[in-house]
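Here is the structure we will look at.
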Amino acid sequence: MADLSSLIARLEKAEGPSRELDTEIAIALGVIPGRDWWSMDYIKSGILGRYTSSIDAAVSLANRVLPGWFWRCGSTPLFPNGWAHVSRYHADHCDRQDEASCADGKAANVAIALVLATLRALQQKGSSNE
């Protein structure tokens with residue numbers, strides 16, 4: 001899997017939905033092949049999801065790349081734009097046993113926060129070779 005660090009950094013700075021980031025996410029996670037994605041077939045088929053604007057698309061992506069993992073997301077007075085948490089073992093918390101298998105995201109909206117948490121979990125998972 002590609003190094004996700006630069007994509008994570010861009011998502012952290014994102015001020016809102018971005019089709020450019022949607023494309024980068026799809027390429028990095030192998031949803032669409034490389035840079036030759038610019039085909040109306042991909043756009044019409046819905047393969048290129050609106051990961052940075054649609055919670056449904058972000059959830060679908062999380063379930064695709066982290067099958068069987070738990071996720072939670074939303075907004076609160078502390079994080080009015082959006083927050084997310086993904087975990088391999090428990091949806092509600094991250095304890096010592098689970099520390100290497102969970103990640104959080106706080107971002108401009110809930111969809112971006114969930115994508116951010118998903119990418120961070122993938123990055124951790126890849127570095128621990130689980």
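Ordering of the structure tokens sets the chain letters (A, B, ...); residue numbers start at 1 within each chain; ligands are numbered from 1 in the order shown.
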
message: as an MDAnalysis selection string, please: the residues near stretch 62-74 of chain A (cut-off 10 Å, only C-alpha atoms, same-chain neighbours under 3 positions excluded).
response: chainID A and resid 29:31 51 55:59 79:93 101:106 109:111 113:119 121:122 125

Skipping near chain neighbours, those fewer than 3 positions away, what residues fall within 12 Å of stretch 16-21 of chain A using only C-alpha atoms, listed as a PDB file with all heavy atoms, in the first residue's frame?
```
ATOM      1  N   SER A   6       1.158  11.807   3.205  1.00  0.00           N
ATOM      2  CA  SER A   6       0.862  13.082   2.548  1.00  0.00           C
ATOM      3  C   SER A   6      -0.639  13.258   2.345  1.00  0.00           C
ATOM      4  O   SER A   6      -1.163  14.371   2.464  1.00  0.00           O
ATOM      5  CB  SER A   6       1.608  13.217   1.224  1.00  0.00           C
ATOM      6  OG  SER A   6       1.155  12.259   0.305  1.00  0.00           O
ATOM      7  N   LEU A   7      -1.340  12.182   2.055  1.00  0.00           N
ATOM      8  CA  LEU A   7      -2.792  12.261   1.903  1.00  0.00           C
ATOM      9  C   LEU A   7      -3.453  12.598   3.238  1.00  0.00           C
ATOM     10  O   LEU A   7      -4.367  13.432   3.300  1.00  0.00           O
ATOM     11  CB  LEU A   7      -3.333  10.944   1.335  1.00  0.00           C
ATOM     12  CG  LEU A   7      -4.832  10.882   1.058  1.00  0.00           C
ATOM     13  CD1 LEU A   7      -5.288  12.019   0.153  1.00  0.00           C
ATOM     14  CD2 LEU A   7      -5.182   9.530   0.445  1.00  0.00           C
ATOM     15  N   ILE A   8      -2.980  11.989   4.303  1.00  0.00           N
ATOM     16  CA  ILE A   8      -3.492  12.302   5.641  1.00  0.00           C
ATOM     17  C   ILE A   8      -3.268  13.770   5.963  1.00  0.00           C
ATOM     18  O   ILE A   8      -4.168  14.462   6.449  1.00  0.00           O
ATOM     19  CB  ILE A   8      -2.848  11.377   6.700  1.00  0.00           C
ATOM     20  CG1 ILE A   8      -3.401   9.952   6.545  1.00  0.00           C
ATOM     21  CG2 ILE A   8      -3.063  11.907   8.112  1.00  0.00           C
ATOM     22  CD1 ILE A   8      -2.687   8.901   7.367  1.00  0.00           C
ATOM     23  N   ALA A   9      -2.084  14.277   5.666  1.00  0.00           N
ATOM     24  CA  ALA A   9      -1.778  15.692   5.927  1.00  0.00           C
ATOM     25  C   ALA A   9      -2.713  16.610   5.133  1.00  0.00           C
ATOM     26  O   ALA A   9      -3.186  17.627   5.654  1.00  0.00           O
ATOM     27  CB  ALA A   9      -0.320  15.989   5.585  1.00  0.00           C
ATOM     28  N   ARG A  10      -3.001  16.253   3.895  1.00  0.00           N
ATOM     29  CA  ARG A  10      -3.902  17.072   3.074  1.00  0.00           C
ATOM     30  C   ARG A  10      -5.331  17.039   3.609  1.00  0.00           C
ATOM     31  O   ARG A  10      -6.033  18.051   3.595  1.00  0.00           O
ATOM     32  CB  ARG A  10      -3.854  16.610   1.627  1.00  0.00           C
ATOM     33  CG  ARG A  10      -2.515  16.957   0.977  1.00  0.00           C
ATOM     34  CD  ARG A  10      -2.420  16.560  -0.466  1.00  0.00           C
ATOM     35  NE  ARG A  10      -3.411  17.285  -1.242  1.00  0.00           N
ATOM     36  CZ  ARG A  10      -3.971  16.794  -2.348  1.00  0.00           C
ATOM     37  NH1 ARG A  10      -3.626  15.612  -2.796  1.00  0.00           N
ATOM     38  NH2 ARG A  10      -4.863  17.500  -3.010  1.00  0.00           N
ATOM     39  N   LEU A  11      -5.767  15.878   4.096  1.00  0.00           N
ATOM     40  CA  LEU A  11      -7.106  15.773   4.670  1.00  0.00           C
ATOM     41  C   LEU A  11      -7.211  16.567   5.970  1.00  0.00           C
ATOM     42  O   LEU A  11      -8.248  17.170   6.249  1.00  0.00           O
ATOM     43  CB  LEU A  11      -7.481  14.317   4.908  1.00  0.00           C
ATOM     44  CG  LEU A  11      -7.846  13.520   3.669  1.00  0.00           C
ATOM     45  CD1 LEU A  11      -7.845  12.031   3.955  1.00  0.00           C
ATOM     46  CD2 LEU A  11      -9.203  13.969   3.135  1.00  0.00           C
ATOM     47  N   GLU A  12      -6.141  16.579   6.748  1.00  0.00           N
ATOM     48  CA  GLU A  12      -6.143  17.350   7.994  1.00  0.00           C
ATOM     49  C   GLU A  12      -6.316  18.844   7.715  1.00  0.00           C
ATOM     50  O   GLU A  12      -6.938  19.556   8.492  1.00  0.00           O
ATOM     51  CB  GLU A  12      -4.832  17.141   8.760  1.00  0.00           C
ATOM     52  CG  GLU A  12      -4.702  15.779   9.365  1.00  0.00           C
ATOM     53  CD  GLU A  12      -3.319  15.490   9.935  1.00  0.00           C
ATOM     54  OE1 GLU A  12      -2.334  16.134   9.508  1.00  0.00           O
ATOM     55  OE2 GLU A  12      -3.231  14.620  10.810  1.00  0.00           O
ATOM     56  N   LYS A  13      -5.793  19.306   6.588  1.00  0.00           N
ATOM     57  CA  LYS A  13      -5.859  20.731   6.222  1.00  0.00           C
ATOM     58  C   LYS A  13      -7.102  21.084   5.409  1.00  0.00           C
ATOM     59  O   LYS A  13      -7.385  22.266   5.222  1.00  0.00           O
ATOM     60  CB  LYS A  13      -4.618  21.121   5.430  1.00  0.00           C
ATOM     61  CG  LYS A  13      -3.345  21.055   6.233  1.00  0.00           C
ATOM     62  CD  LYS A  13      -2.144  21.358   5.364  1.00  0.00           C
ATOM     63  CE  LYS A  13      -0.854  21.133   6.129  1.00  0.00           C
ATOM     64  NZ  LYS A  13       0.312  21.235   5.269  1.00  0.00           N
ATOM     65  N   GLU A  24      -7.680  11.243  -5.085  1.00  0.00           N
ATOM     66  CA  GLU A  24      -6.440  10.785  -4.442  1.00  0.00           C
ATOM     67  C   GLU A  24      -6.704   9.622  -3.483  1.00  0.00           C
ATOM     68  O   GLU A  24      -5.916   8.678  -3.412  1.00  0.00           O
ATOM     69  CB  GLU A  24      -5.763  11.940  -3.706  1.00  0.00           C
ATOM     70  CG  GLU A  24      -5.242  13.030  -4.622  1.00  0.00           C
ATOM     71  CD  GLU A  24      -4.188  12.520  -5.600  1.00  0.00           C
ATOM     72  OE1 GLU A  24      -3.330  11.711  -5.208  1.00  0.00           O
ATOM     73  OE2 GLU A  24      -4.229  12.949  -6.759  1.00  0.00           O
ATOM     74  N   ILE A  25      -7.815   9.681  -2.761  1.00  0.00           N
ATOM     75  CA  ILE A  25      -8.187   8.601  -1.843  1.00  0.00           C
ATOM     76  C   ILE A  25      -8.438   7.320  -2.643  1.00  0.00           C
ATOM     77  O   ILE A  25      -7.933   6.251  -2.298  1.00  0.00           O
ATOM     78  CB  ILE A  25      -9.441   8.990  -1.027  1.00  0.00           C
ATOM     79  CG1 ILE A  25      -9.116  10.130  -0.056  1.00  0.00           C
ATOM     80  CG2 ILE A  25     -10.002   7.783  -0.280  1.00  0.00           C
ATOM     81  CD1 ILE A  25     -10.341  10.862   0.481  1.00  0.00           C
ATOM     82  N   ALA A  26      -9.212   7.443  -3.712  1.00  0.00           N
ATOM     83  CA  ALA A  26      -9.532   6.273  -4.539  1.00  0.00           C
ATOM     84  C   ALA A  26      -8.282   5.654  -5.143  1.00  0.00           C
ATOM     85  O   ALA A  26      -8.145   4.427  -5.188  1.00  0.00           O
ATOM     86  CB  ALA A  26     -10.520   6.673  -5.634  1.00  0.00           C
ATOM     87  N   ILE A  27      -7.351   6.470  -5.589  1.00  0.00           N
ATOM     88  CA  ILE A  27      -6.105   5.958  -6.169  1.00  0.00           C
ATOM     89  C   ILE A  27      -5.255   5.302  -5.088  1.00  0.00           C
ATOM     90  O   ILE A  27      -4.760   4.179  -5.267  1.00  0.00           O
ATOM     91  CB  ILE A  27      -5.327   7.077  -6.883  1.00  0.00           C
ATOM     92  CG1 ILE A  27      -6.073   7.516  -8.147  1.00  0.00           C
ATOM     93  CG2 ILE A  27      -3.910   6.628  -7.239  1.00  0.00           C
ATOM     94  CD1 ILE A  27      -5.541   8.790  -8.782  1.00  0.00           C
ATOM     95  N   ALA A  28      -5.096   5.966  -3.939  1.00  0.00           N
ATOM     96  CA  ALA A  28      -4.242   5.436  -2.866  1.00  0.00           C
ATOM     97  C   ALA A  28      -4.750   4.104  -2.338  1.00  0.00           C
ATOM     98  O   ALA A  28      -3.953   3.238  -1.962  1.00  0.00           O
ATOM     99  CB  ALA A  28      -4.152   6.451  -1.723  1.00  0.00           C
ATOM    100  N   ARG A  35      -3.280   6.948 -12.337  1.00  0.00           N
ATOM    101  CA  ARG A  35      -3.646   8.279 -12.805  1.00  0.00           C
ATOM    102  C   ARG A  35      -4.503   8.264 -14.064  1.00  0.00           C
ATOM    103  O   ARG A  35      -4.987   9.294 -14.481  1.00  0.00           O
ATOM    104  CB  ARG A  35      -2.378   9.095 -13.081  1.00  0.00           C
ATOM    105  CG  ARG A  35      -1.608   9.375 -11.857  1.00  0.00           C
ATOM    106  CD  ARG A  35      -2.108  10.662 -11.288  1.00  0.00           C
ATOM    107  NE  ARG A  35      -1.520  10.856  -9.984  1.00  0.00           N
ATOM    108  CZ  ARG A  35      -2.088  11.555  -9.034  1.00  0.00           C
ATOM    109  NH1 ARG A  35      -3.236  12.126  -9.227  1.00  0.00           N
ATOM    110  NH2 ARG A  35      -1.496  11.704  -7.891  1.00  0.00           N
ATOM    111  N   TRP A  37      -7.402   7.397 -14.433  1.00  0.00           N
ATOM    112  CA  TRP A  37      -8.777   7.251 -13.969  1.00  0.00           C
ATOM    113  C   TRP A  37      -9.760   8.113 -14.747  1.00  0.00           C
ATOM    114  O   TRP A  37     -10.950   7.880 -14.719  1.00  0.00           O
ATOM    115  CB  TRP A  37      -8.879   7.624 -12.494  1.00  0.00           C
ATOM    116  CG  TRP A  37      -8.702   9.085 -12.270  1.00  0.00           C
ATOM    117  CD1 TRP A  37      -7.542   9.757 -12.148  1.00  0.00           C
ATOM    118  CD2 TRP A  37      -9.735  10.066 -12.207  1.00  0.00           C
ATOM    119  NE1 TRP A  37      -7.767  11.095 -12.004  1.00  0.00           N
ATOM    120  CE2 TRP A  37      -9.116  11.311 -12.026  1.00  0.00           C
ATOM    121  CE3 TRP A  37     -11.120  10.029 -12.279  1.00  0.00           C
ATOM    122  CZ2 TRP A  37      -9.833  12.492 -11.925  1.00  0.00           C
ATOM    123  CZ3 TRP A  37     -11.832  11.209 -12.172  1.00  0.00           C
ATOM    124  CH2 TRP A  37     -11.176  12.426 -11.995  1.00  0.00           C
ATOM    125  N   TRP A  38      -9.269   9.140 -15.435  1.00  0.00           N
ATOM    126  CA  TRP A  38     -10.167  10.117 -16.022  1.00  0.00           C
ATOM    127  C   TRP A  38     -10.955   9.492 -17.152  1.00  0.00           C
ATOM    128  O   TRP A  38     -10.672   9.639 -18.320  1.00  0.00           O
ATOM    129  CB  TRP A  38      -9.392  11.344 -16.504  1.00  0.00           C
ATOM    130  CG  TRP A  38     -10.311  12.428 -16.929  1.00  0.00           C
ATOM    131  CD1 TRP A  38     -10.484  12.876 -18.202  1.00  0.00           C
ATOM    132  CD2 TRP A  38     -11.195  13.188 -16.131  1.00  0.00           C
ATOM    133  NE1 TRP A  38     -11.424  13.878 -18.239  1.00  0.00           N
ATOM    134  CE2 TRP A  38     -11.875  14.087 -16.962  1.00  0.00           C
ATOM    135  CE3 TRP A  38     -11.507  13.206 -14.783  1.00  0.00           C
ATOM    136  CZ2 TRP A  38     -12.829  14.982 -16.498  1.00  0.00           C
ATOM    137  CZ3 TRP A  38     -12.449  14.100 -14.319  1.00  0.00           C
ATOM    138  CH2 TRP A  38     -13.092  14.980 -15.171  1.00  0.00           C
ATOM    139  N   ILE A  43     -16.811   7.766 -13.430  1.00  0.00           N
ATOM    140  CA  ILE A  43     -17.694   8.772 -12.846  1.00  0.00           C
ATOM    141  C   ILE A  43     -19.143   8.294 -12.901  1.00  0.00           C
ATOM    142  O   ILE A  43     -19.865   8.356 -11.913  1.00  0.00           O
ATOM    143  CB  ILE A  43     -17.513  10.126 -13.558  1.00  0.00           C
ATOM    144  CG1 ILE A  43     -16.096  10.647 -13.277  1.00  0.00           C
ATOM    145  CG2 ILE A  43     -18.551  11.133 -13.107  1.00  0.00           C
ATOM    146  CD1 ILE A  43     -15.684  11.812 -14.131  1.00  0.00           C
ATOM    147  N   LEU A  48     -15.970   6.203  -8.236  1.00  0.00           N
ATOM    148  CA  LEU A  48     -15.285   7.312  -7.597  1.00  0.00           C
ATOM    149  C   LEU A  48     -16.260   7.950  -6.618  1.00  0.00           C
ATOM    150  O   LEU A  48     -17.136   8.721  -6.984  1.00  0.00           O
ATOM    151  CB  LEU A  48     -14.822   8.339  -8.636  1.00  0.00           C
ATOM    152  CG  LEU A  48     -14.088   9.557  -8.091  1.00  0.00           C
ATOM    153  CD1 LEU A  48     -12.876   9.144  -7.277  1.00  0.00           C
ATOM    154  CD2 LEU A  48     -13.679  10.475  -9.212  1.00  0.00           C
ATOM    155  N   GLY A  49     -16.128   7.569  -5.343  1.00  0.00           N
ATOM    156  CA  GLY A  49     -17.055   8.036  -4.323  1.00  0.00           C
ATOM    157  C   GLY A  49     -16.801   9.469  -3.910  1.00  0.00           C
ATOM    158  O   GLY A  49     -15.749  10.032  -4.165  1.00  0.00           O
ATOM    159  N   ARG A  50     -17.768  10.029  -3.276  1.00  0.00           N
ATOM    160  CA  ARG A  50     -17.660  11.373  -2.710  1.00  0.00           C
ATOM    161  C   ARG A  50     -17.259  11.230  -1.245  1.00  0.00           C
ATOM    162  O   ARG A  50     -18.008  11.609  -0.343  1.00  0.00           O
ATOM    163  CB  ARG A  50     -18.971  12.123  -2.883  1.00  0.00           C
ATOM    164  CG  ARG A  50     -19.320  12.356  -4.325  1.00  0.00           C
ATOM    165  CD  ARG A  50     -20.512  13.280  -4.473  1.00  0.00           C
ATOM    166  NE  ARG A  50     -20.789  13.543  -5.869  1.00  0.00           N
ATOM    167  CZ  ARG A  50     -20.209  14.501  -6.577  1.00  0.00           C
ATOM    168  NH1 ARG A  50     -19.318  15.280  -6.033  1.00  0.00           N
ATOM    169  NH2 ARG A  50     -20.529  14.690  -7.841  1.00  0.00           N
ATOM    170  N   TYR A  51     -16.062  10.696  -1.049  1.00  0.00           N
ATOM    171  CA  TYR A  51     -15.587  10.365   0.292  1.00  0.00           C
ATOM    172  C   TYR A  51     -15.475  11.564   1.218  1.00  0.00           C
ATOM    173  O   TYR A  51     -15.614  11.428   2.423  1.00  0.00           O
ATOM    174  CB  TYR A  51     -14.223   9.663   0.211  1.00  0.00           C
ATOM    175  CG  TYR A  51     -14.216   8.501  -0.743  1.00  0.00           C
ATOM    176  CD1 TYR A  51     -13.405   8.511  -1.869  1.00  0.00           C
ATOM    177  CD2 TYR A  51     -15.031   7.403  -0.530  1.00  0.00           C
ATOM    178  CE1 TYR A  51     -13.400   7.452  -2.762  1.00  0.00           C
ATOM    179  CE2 TYR A  51     -15.040   6.340  -1.419  1.00  0.00           C
ATOM    180  CZ  TYR A  51     -14.219   6.370  -2.532  1.00  0.00           C
ATOM    181  OH  TYR A  51     -14.226   5.323  -3.410  1.00  0.00           O
ATOM    182  N   THR A  52     -15.231  12.739   0.662  1.00  0.00           N
ATOM    183  CA  THR A  52     -15.039  13.921   1.506  1.00  0.00           C
ATOM    184  C   THR A  52     -16.329  14.711   1.718  1.00  0.00           C
ATOM    185  O   THR A  52     -16.313  15.712   2.433  1.00  0.00           O
ATOM    186  CB  THR A  52     -13.960  14.855   0.909  1.00  0.00           C
ATOM    187  OG1 THR A  52     -14.363  15.255  -0.407  1.00  0.00           O
ATOM    188  CG2 THR A  52     -12.604  14.170   0.866  1.00  0.00           C
ATOM    189  N   SER A  53     -17.419  14.266   1.120  1.00  0.00           N
ATOM    190  CA  SER A  53     -18.679  14.985   1.306  1.00  0.00           C
ATOM    191  C   SER A  53     -19.832  14.102   1.753  1.00  0.00           C
ATOM    192  O   SER A  53     -20.822  14.596   2.280  1.00  0.00           O
ATOM    193  CB  SER A  53     -19.075  15.712   0.015  1.00  0.00           C
ATOM    194  OG  SER A  53     -19.294  14.796  -1.028  1.00  0.00           O
ATOM    195  N   SER A  54     -19.734  12.808   1.570  1.00  0.00           N
ATOM    196  CA  SER A  54     -20.833  11.896   1.874  1.00  0.00           C
ATOM    197  C   SER A  54     -20.452  10.918   2.989  1.00  0.00           C
ATOM    198  O   SER A  54     -19.485  10.159   2.851  1.00  0.00           O
ATOM    199  CB  SER A  54     -21.200  11.105   0.614  1.00  0.00           C
ATOM    200  OG  SER A  54     -22.012   9.999   0.938  1.00  0.00           O
ATOM    201  N   ILE A  55     -21.222  10.936   4.048  1.00  0.00           N
ATOM    202  CA  ILE A  55     -20.968   9.983   5.134  1.00  0.00           C
ATOM    203  C   ILE A  55     -21.167   8.561   4.615  1.00  0.00           C
ATOM    204  O   ILE A  55     -20.398   7.660   4.950  1.00  0.00           O
ATOM    205  CB  ILE A  55     -21.871  10.270   6.347  1.00  0.00           C
ATOM    206  CG1 ILE A  55     -21.501  11.624   6.957  1.00  0.00           C
ATOM    207  CG2 ILE A  55     -21.758   9.165   7.388  1.00  0.00           C
ATOM    208  CD1 ILE A  55     -22.442  12.117   8.028  1.00  0.00           C
ATOM    209  N   ALA A  58     -18.065   7.534   2.850  1.00  0.00           N
ATOM    210  CA  ALA A  58     -16.968   7.337   3.810  1.00  0.00           C
ATOM    211  C   ALA A  58     -17.154   6.033   4.580  1.00  0.00           C
ATOM    212  O   ALA A  58     -16.191   5.292   4.804  1.00  0.00           O
ATOM    213  CB  ALA A  58     -16.880   8.526   4.764  1.00  0.00           C
ATOM    214  N   ASN A  81     -17.405  20.374  13.827  1.00  0.00           N
ATOM    215  CA  ASN A  81     -17.300  20.060  12.401  1.00  0.00           C
ATOM    216  C   ASN A  81     -17.418  18.562  12.164  1.00  0.00           C
ATOM    217  O   ASN A  81     -18.175  18.127  11.323  1.00  0.00           O
ATOM    218  CB  ASN A  81     -15.991  20.581  11.832  1.00  0.00           C
ATOM    219  CG  ASN A  81     -15.927  22.087  11.890  1.00  0.00           C
ATOM    220  OD1 ASN A  81     -16.939  22.761  11.785  1.00  0.00           O
ATOM    221  ND2 ASN A  81     -14.748  22.613  12.080  1.00  0.00           N
ATOM    222  N   GLY A  82     -16.638  17.769  12.875  1.00  0.00           N
ATOM    223  CA  GLY A  82     -16.714  16.326  12.712  1.00  0.00           C
ATOM    224  C   GLY A  82     -15.588  15.593  13.413  1.00  0.00           C
ATOM    225  O   GLY A  82     -14.476  16.089  13.502  1.00  0.00           O
ATOM    226  N   ALA A 107     -11.931  16.687  11.711  1.00  0.00           N
ATOM    227  CA  ALA A 107     -11.751  17.365  10.421  1.00  0.00           C
ATOM    228  C   ALA A 107     -12.876  18.358  10.158  1.00  0.00           C
ATOM    229  O   ALA A 107     -13.742  18.573  11.004  1.00  0.00           O
ATOM    230  CB  ALA A 107     -11.686  16.314   9.314  1.00  0.00           C
ATOM    231  N   ALA A 108     -12.865  18.901   8.951  1.00  0.00           N
ATOM    232  CA  ALA A 108     -13.809  19.938   8.536  1.00  0.00           C
ATOM    233  C   ALA A 108     -15.253  19.458   8.491  1.00  0.00           C
ATOM    234  O   ALA A 108     -16.173  20.242   8.622  1.00  0.00           O
ATOM    235  CB  ALA A 108     -13.402  20.491   7.175  1.00  0.00           C
ATOM    236  N   ASN A 109     -15.448  18.159   8.265  1.00  0.00           N
ATOM    237  CA  ASN A 109     -16.792  17.583   8.326  1.00  0.00           C
ATOM    238  C   ASN A 109     -16.677  16.119   8.750  1.00  0.00           C
ATOM    239  O   ASN A 109     -15.583  15.564   8.847  1.00  0.00           O
ATOM    240  CB  ASN A 109     -17.557  17.759   6.999  1.00  0.00           C
ATOM    241  CG  ASN A 109     -16.963  16.993   5.838  1.00  0.00           C
ATOM    242  OD1 ASN A 109     -16.419  15.897   6.001  1.00  0.00           O
ATOM    243  ND2 ASN A 109     -17.070  17.551   4.638  1.00  0.00           N
ATOM    244  N   VAL A 110     -17.822  15.517   9.012  1.00  0.00           N
ATOM    245  CA  VAL A 110     -17.844  14.144   9.535  1.00  0.00           C
ATOM    246  C   VAL A 110     -17.284  13.145   8.523  1.00  0.00           C
ATOM    247  O   VAL A 110     -16.533  12.231   8.894  1.00  0.00           O
ATOM    248  CB  VAL A 110     -19.275  13.756   9.966  1.00  0.00           C
ATOM    249  CG1 VAL A 110     -19.322  12.323  10.453  1.00  0.00           C
ATOM    250  CG2 VAL A 110     -19.781  14.694  11.055  1.00  0.00           C
ATOM    251  N   ALA A 111     -17.599  13.317   7.252  1.00  0.00           N
ATOM    252  CA  ALA A 111     -17.099  12.392   6.229  1.00  0.00           C
ATOM    253  C   ALA A 111     -15.572  12.420   6.162  1.00  0.00           C
ATOM    254  O   ALA A 111     -14.923  11.370   6.144  1.00  0.00           O
ATOM    255  CB  ALA A 111     -17.702  12.729   4.866  1.00  0.00           C
ATOM    256  N   ILE A 112     -14.998  13.607   6.144  1.00  0.00           N
ATOM    257  CA  ILE A 112     -13.533  13.714   6.108  1.00  0.00           C
ATOM    258  C   ILE A 112     -12.925  13.131   7.373  1.00  0.00           C
ATOM    259  O   ILE A 112     -11.909  12.440   7.313  1.00  0.00           O
ATOM    260  CB  ILE A 112     -13.089  15.179   5.902  1.00  0.00           C
ATOM    261  CG1 ILE A 112     -13.539  15.691   4.535  1.00  0.00           C
ATOM    262  CG2 ILE A 112     -11.565  15.303   6.025  1.00  0.00           C
ATOM    263  CD1 ILE A 112     -13.321  17.176   4.321  1.00  0.00           C
ATOM    264  N   ALA A 113     -13.564  13.354   8.523  1.00  0.00           N
ATOM    265  CA  ALA A 113     -13.053  12.797   9.781  1.00  0.00           C
ATOM    266  C   ALA A 113     -13.018  11.275   9.732  1.00  0.00           C
ATOM    267  O   ALA A 113     -12.041  10.647  10.171  1.00  0.00           O
ATOM    268  CB  ALA A 113     -13.901  13.279  10.958  1.00  0.00           C
ATOM    269  N   VAL A 115     -12.879   9.334   6.979  1.00  0.00           N
ATOM    270  CA  VAL A 115     -11.832   8.936   6.028  1.00  0.00           C
ATOM    271  C   VAL A 115     -10.458   9.087   6.676  1.00  0.00           C
ATOM    272  O   VAL A 115      -9.602   8.209   6.560  1.00  0.00           O
ATOM    273  CB  VAL A 115     -11.923   9.747   4.717  1.00  0.00           C
ATOM    274  CG1 VAL A 115     -10.706   9.490   3.830  1.00  0.00           C
ATOM    275  CG2 VAL A 115     -13.200   9.412   3.963  1.00  0.00           C
ATOM    276  N   LEU A 116     -10.254  10.167   7.398  1.00  0.00           N
ATOM    277  CA  LEU A 116      -8.983  10.418   8.075  1.00  0.00           C
ATOM    278  C   LEU A 116      -8.691   9.321   9.099  1.00  0.00           C
ATOM    279  O   LEU A 116      -7.581   8.766   9.137  1.00  0.00           O
ATOM    280  CB  LEU A 116      -9.040  11.793   8.736  1.00  0.00           C
ATOM    281  CG  LEU A 116      -7.782  12.384   9.316  1.00  0.00           C
ATOM    282  CD1 LEU A 116      -6.661  12.451   8.299  1.00  0.00           C
ATOM    283  CD2 LEU A 116      -8.084  13.787   9.841  1.00  0.00           C
TER     284      LEU A 116
END
```

- request: Report as a list in words: the residues of stretch 67-123 of chain A with a DSSP assignment of strand (DSSP E), based on the backbone of this structure.
  value: Phe70, Trp71, Arg72, Cys73, Gly74, Trp83, Ala84, His85, Val86, Ser87, Cys102, Ala103, Asp104, Gly105 and Lys106 of chain A

Selected residues written out with N, CA, C and O atoms, as a tab-separated table (two decimals), in the first residue's frame:
```tsv
chain	number	residue	atom	x	y	z
A	70	PHE	N	-14.97	-1.64	13.69
A	70	PHE	CA	-16.05	-0.80	14.18
A	70	PHE	C	-15.73	0.66	13.89
A	70	PHE	O	-14.56	1.03	13.83
A	71	TRP	N	-16.74	1.47	13.75
A	71	TRP	CA	-16.52	2.90	13.56
A	71	TRP	C	-17.63	3.67	14.24
A	71	TRP	O	-18.74	3.17	14.44
A	72	ARG	N	-17.30	4.88	14.61
A	72	ARG	CA	-18.25	5.84	15.16
A	72	ARG	C	-17.86	7.20	14.60
A	72	ARG	O	-16.68	7.48	14.44
A	73	CYS	N	-18.85	8.04	14.35
A	73	CYS	CA	-18.54	9.38	13.89
A	73	CYS	C	-19.70	10.30	14.21
A	73	CYS	O	-20.80	9.86	14.49
A	74	GLY	N	-19.43	11.59	14.17
A	74	GLY	CA	-20.48	12.56	14.42
A	74	GLY	C	-19.89	13.94	14.66
A	74	GLY	O	-18.76	14.23	14.28
A	83	TRP	N	-15.91	14.43	13.93
A	83	TRP	CA	-14.92	13.55	14.56
A	83	TRP	C	-15.27	12.12	14.15
A	83	TRP	O	-16.39	11.83	13.73
A	84	ALA	N	-14.30	11.24	14.27
A	84	ALA	CA	-14.53	9.82	13.96
A	84	ALA	C	-13.55	8.97	14.74
A	84	ALA	O	-12.47	9.43	15.12
A	85	HIS	N	-13.94	7.73	14.97
A	85	HIS	CA	-13.09	6.76	15.65
A	85	HIS	C	-13.31	5.41	14.97
A	85	HIS	O	-14.46	5.02	14.74
A	86	VAL	N	-12.24	4.73	14.61
A	86	VAL	CA	-12.33	3.36	14.10
A	86	VAL	C	-11.51	2.47	15.01
A	86	VAL	O	-10.48	2.88	15.54
A	87	SER	N	-12.02	1.27	15.21
A	87	SER	CA	-11.38	0.35	16.14
A	87	SER	C	-11.59	-1.09	15.67
A	87	SER	O	-12.66	-1.44	15.20
A	102	CYS	N	-6.58	1.11	16.56
A	102	CYS	CA	-7.64	2.11	16.50
A	102	CYS	C	-7.04	3.44	16.05
A	102	CYS	O	-5.82	3.64	16.12
A	103	ALA	N	-7.91	4.32	15.60
A	103	ALA	CA	-7.45	5.63	15.15
A	103	ALA	C	-8.60	6.62	15.22
A	103	ALA	O	-9.77	6.24	15.16
A	104	ASP	N	-8.24	7.87	15.33
A	104	ASP	CA	-9.23	8.94	15.42
A	104	ASP	C	-9.02	9.94	14.30
A	104	ASP	O	-7.93	10.04	13.73
A	105	GLY	N	-10.05	10.70	14.03
A	105	GLY	CA	-9.95	11.79	13.07
A	105	GLY	C	-10.83	12.94	13.50
A	105	GLY	O	-11.95	12.73	13.98
A	106	LYS	N	-10.34	14.12	13.35
A	106	LYS	CA	-11.10	15.35	13.57
A	106	LYS	C	-10.85	16.21	12.34
A	106	LYS	O	-9.70	16.43	11.97
```
